[in-house]
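Q: Let me give you the structure first, and then I'll get to my questions.
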Amino acid sequence: MARRVFATLGLLVACASAQAQGAADGAALFVAHCQACHQPGAVGAPGIAPPLVGNIGRHAASEEGRRYLLRVALTGMVGSITVDGVRYTGNMPSFATLSDTELAAVLRHVLGSYEKVAELGWLTPDQLAIARQAGGSPNETHKMRGRLPAGG
Ligand code: HEC
């Protein structure tokens with residue numbers, strides 16, 4: 001009996017530390033937190049949310065663009081944007097309640113799997129922690145988007 005209890009405890013500790021070490025599943029996080037608005041495959045839906053596929057990958061090429069991608073997930077965004085000639089006026093919610101590890105995993109999933117961005121060495125929990133410290137508002141993030149080298 002005592003052995004069974006210890007075995008179960010051991011398993012629980014193993015699971016908890018796997019999570020703490022960053023075993024977050026970006027695909028599952030996308031389904032749970034993003035897909036309702038951005039749609040399966042992140043193709044977007046007019047009137048709801050812009051496509052991420054065929055859209056955000058270009059920002060991974062510049063320092064400012066990378067900072068924007070980390071920020072928009074943390075602060076969310078207000079104010080209208082136009083993507084492929086379609087205007088979106090809804091709000092992107094803040095996902096600051098997700099951990100740095102989870103945010104890194106979901107962004108890596110979108111950029112790596114959907115946008116085929118090969119160089120994702122910059123997209124780490126540490127960088128999300130730095131972006132989190134820097135703070136910012138949804139409105140400032142919208143302004144930041146307007147100033148991006150690859151266009152807003
Ligand atoms: C409630 C709906 C909703 C959910 C859920 C949502 N988004 Fe958004 N997202 C939006 C809207 C609306 C915009 C455009 C905001 C604007 O016009 O200012 C947006 C914008 C974005 C952008 C910027 C796109 C661009 O062209 O610059 C990124 C990146 C993004 N979302 C990623 C995510 C990720 C990752 C998740 C899940 C963790 C997520 N979103 C969940 C509605 C949503």
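If you're wondering about the labels, chains in the structure tokens are A, B, ... by order shown, residues count from 1 in each chain, ligands from 1 in order shown.
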Please identify which residues in chain A DSSP calls helix (DSSP H, G or I) from the backbone, and express them as a PyMOL selection string.

A: chain A and resi 2-20+26-33+35-38+40-42+56-61+63-75+100-114+125-134+138-146

Q: For range 41-55 of chain A, find every residue with an atom within 7 Å (counting only C-alpha atoms), except residues of its own chain fewer than 2 positions away, and show them as a compact mmCIF listing (two decimals) with C-alpha atoms, in the first residue's frame.

A:
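And here's selection33.txt as it stands now:
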# COMPACT_ATOMS: atom_id res chain seq x y z
CA GLN A 35 -8.36 28.61 -32.75
CA CYS A 37 -10.97 33.23 -33.34
CA HIS A 38 -8.03 32.62 -35.69
CA GLN A 39 -9.58 29.36 -37.00
CA GLY A 57 5.90 35.33 -40.53
CA ARG A 58 7.41 38.39 -42.23
CA VAL A 83 -4.70 42.23 -43.59
CA VAL A 86 -9.72 42.99 -45.13
CA TYR A 88 -10.46 43.74 -38.65
CA GLY A 90 -12.12 43.22 -33.02
CA TYR A 114 1.98 27.45 -40.15
CA GLU A 115 4.41 30.12 -41.29

Q: I need the residues of chain A that end up classed as strand (DSSP E or B) by DSSP on the backbone, written out as a PDB file with N, CA and C atoms, in the first residue's frame.

A:
ATOM      1  N   ALA A  45     -10.753  34.660 -40.089  1.00  0.00           N
ATOM      2  CA  ALA A  45     -12.145  34.745 -40.539  1.00  0.00           C
ATOM      3  C   ALA A  45     -12.554  36.207 -40.525  1.00  0.00           C
ATOM      4  N   ALA A  49     -11.260  37.472 -36.701  1.00  0.00           N
ATOM      5  CA  ALA A  49      -9.829  37.640 -36.414  1.00  0.00           C
ATOM      6  C   ALA A  49      -9.030  37.440 -37.697  1.00  0.00           C
ATOM      7  N   MET A  77      -4.243  43.422 -28.275  1.00  0.00           N
ATOM      8  CA  MET A  77      -4.176  44.605 -29.141  1.00  0.00           C
ATOM      9  C   MET A  77      -5.580  45.149 -29.389  1.00  0.00           C
ATOM     10  N   ILE A  81      -6.982  46.824 -37.807  1.00  0.00           N
ATOM     11  CA  ILE A  81      -5.853  46.521 -38.693  1.00  0.00           C
ATOM     12  C   ILE A  81      -6.417  46.003 -40.021  1.00  0.00           C
ATOM     13  N   THR A  82      -5.600  46.088 -41.062  1.00  0.00           N
ATOM     14  CA  THR A  82      -6.020  45.575 -42.368  1.00  0.00           C
ATOM     15  C   THR A  82      -5.032  44.506 -42.808  1.00  0.00           C
ATOM     16  N   VAL A  83      -5.551  43.332 -43.124  1.00  0.00           N
ATOM     17  CA  VAL A  83      -4.701  42.225 -43.591  1.00  0.00           C
ATOM     18  C   VAL A  83      -5.296  41.712 -44.905  1.00  0.00           C
ATOM     19  N   VAL A  86      -8.535  43.159 -45.997  1.00  0.00           N
ATOM     20  CA  VAL A  86      -9.716  42.987 -45.127  1.00  0.00           C
ATOM     21  C   VAL A  86      -9.452  43.705 -43.804  1.00  0.00           C
ATOM     22  N   ARG A  87     -10.424  44.502 -43.386  1.00  0.00           N
ATOM     23  CA  ARG A  87     -10.275  45.265 -42.141  1.00  0.00           C
ATOM     24  C   ARG A  87     -10.825  44.468 -40.960  1.00  0.00           C
ATOM     25  N   TYR A  88     -10.039  44.424 -39.884  1.00  0.00           N
ATOM     26  CA  TYR A  88     -10.461  43.739 -38.652  1.00  0.00           C
ATOM     27  C   TYR A  88     -10.563  44.773 -37.545  1.00  0.00           C
ATOM     28  N   MET A  92      -7.795  41.775 -29.875  1.00  0.00           N
ATOM     29  CA  MET A  92      -6.998  40.590 -29.563  1.00  0.00           C
ATOM     30  C   MET A  92      -6.823  40.576 -28.042  1.00  0.00           C
TER      31      MET A  92
END

Q: Could you tell me which of A:Arg132, A:Arg108, A:His142, A:Arg66 comes closest to ligand 1 if we count only C-alpha atoms and all ligand atoms?

A: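 Closest candidate: A:His142.
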
Q: Which residue gives the smallest distance to Pro125 in chain A among A:Leu69, A:Ala36, A:Ala105, A:Ile56, with only C-alpha atoms counted?

A: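 Using only C-alpha atoms, the shortest distance to Pro125 in chain A belongs to A:Ala105.
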
Q: Which is closer to Val72 in chain A than all the others in A:Val110, A:Phe95, A:Asp25, A:Ala104, using only C-alpha atoms?

A: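 Counting only C-alpha atoms, the residue closest to Val72 in chain A is A:Phe95.
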
Q: Smallest atom-to-atom distance to Phe30 in chain A: which of A:Ala131, A:Val106, A:Tyr68, A:Glu63, using only C-alpha atoms?

A: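 Distance minimum relative to Phe30 in chain A lands on A:Val106.
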
Q: Got a sec: who's within 6 Å of Leu74 in chain A, counting only C-alpha atoms, leaving out chain neighbours fewer than 3 positions off, as a list in words?

A: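 Residues meeting the cut-off are Arg71, Ser94, Phe95 and Ala96 of chain A.
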
Q: Deliver the residues from the most recent selection as a file, using C-alpha atoms, as a PDB file, in the first residue's frame.

A:
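Ended up saving to out.pdb:
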ATOM      1  CA  ARG A  71       4.287  41.662 -27.197  1.00  0.00           C
ATOM      2  CA  SER A  94      -4.097  39.485 -23.636  1.00  0.00           C
ATOM      3  CA  PHE A  95      -2.642  36.052 -22.918  1.00  0.00           C
ATOM      4  CA  ALA A  96      -0.475  37.219 -20.010  1.00  0.00           C
TER       5      ALA A  96
END

Q: Pick the closest to Ala61 in chain A from A:Gly135, A:Ala27, A:Arg145, A:Glu119: which is it, counting only C-alpha atoms?

A: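 Using only C-alpha atoms, the shortest distance to Ala61 in chain A belongs to A:Glu119.
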
Q: Can you tell me how far CA of His33 in chain A sits from CA of Arg147 in chain A, in Å to one decimal?

A: 27.2 Å

Q: Got a sec: who's within 10 Å of Met144 in chain A, counting only C-alpha atoms, leaving out chain neighbours fewer than 4 positions off, as a tab-separated table (two decimals) with C-alpha atoms, in the first residue's frame?

A:
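New file around-v5.tsv:
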chain	number	residue	atom	x	y	z
A	64	GLU	CA	11.25	45.12	-34.04
A	65	GLY	CA	8.99	42.55	-35.68
A	67	ARG	CA	9.51	42.21	-30.31
A	68	TYR	CA	6.03	42.90	-31.68
A	71	ARG	CA	4.29	41.66	-27.20
A	72	VAL	CA	1.00	41.12	-29.02
A	138	PRO	CA	-2.89	46.94	-26.13
A	139	ASN	CA	-3.00	50.41	-27.70
A	140	GLU	CA	0.81	50.81	-27.67
A	148	LEU	CA	7.11	47.77	-38.31
A	152	GLY	CA	1.69	46.88	-40.38

Q: Which value, in Å to one decimal, gives the distance between CA of Leu107 in chain A and atom 34 (C, counted along the ligand's line) of ligand 1?

A: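 Taking CA of Leu107 in chain A as the start and atom 34 (C, counted along the ligand's line) of ligand 1 as the end point, the length is 7.1 Å.
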
Q: I'd like to know which of A:Pro149, A:Cys34, A:Ser99, A:Ser113 is closest to ligand 1, using only C-alpha atoms and all ligand atoms.

A: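 Closest candidate: A:Cys34.
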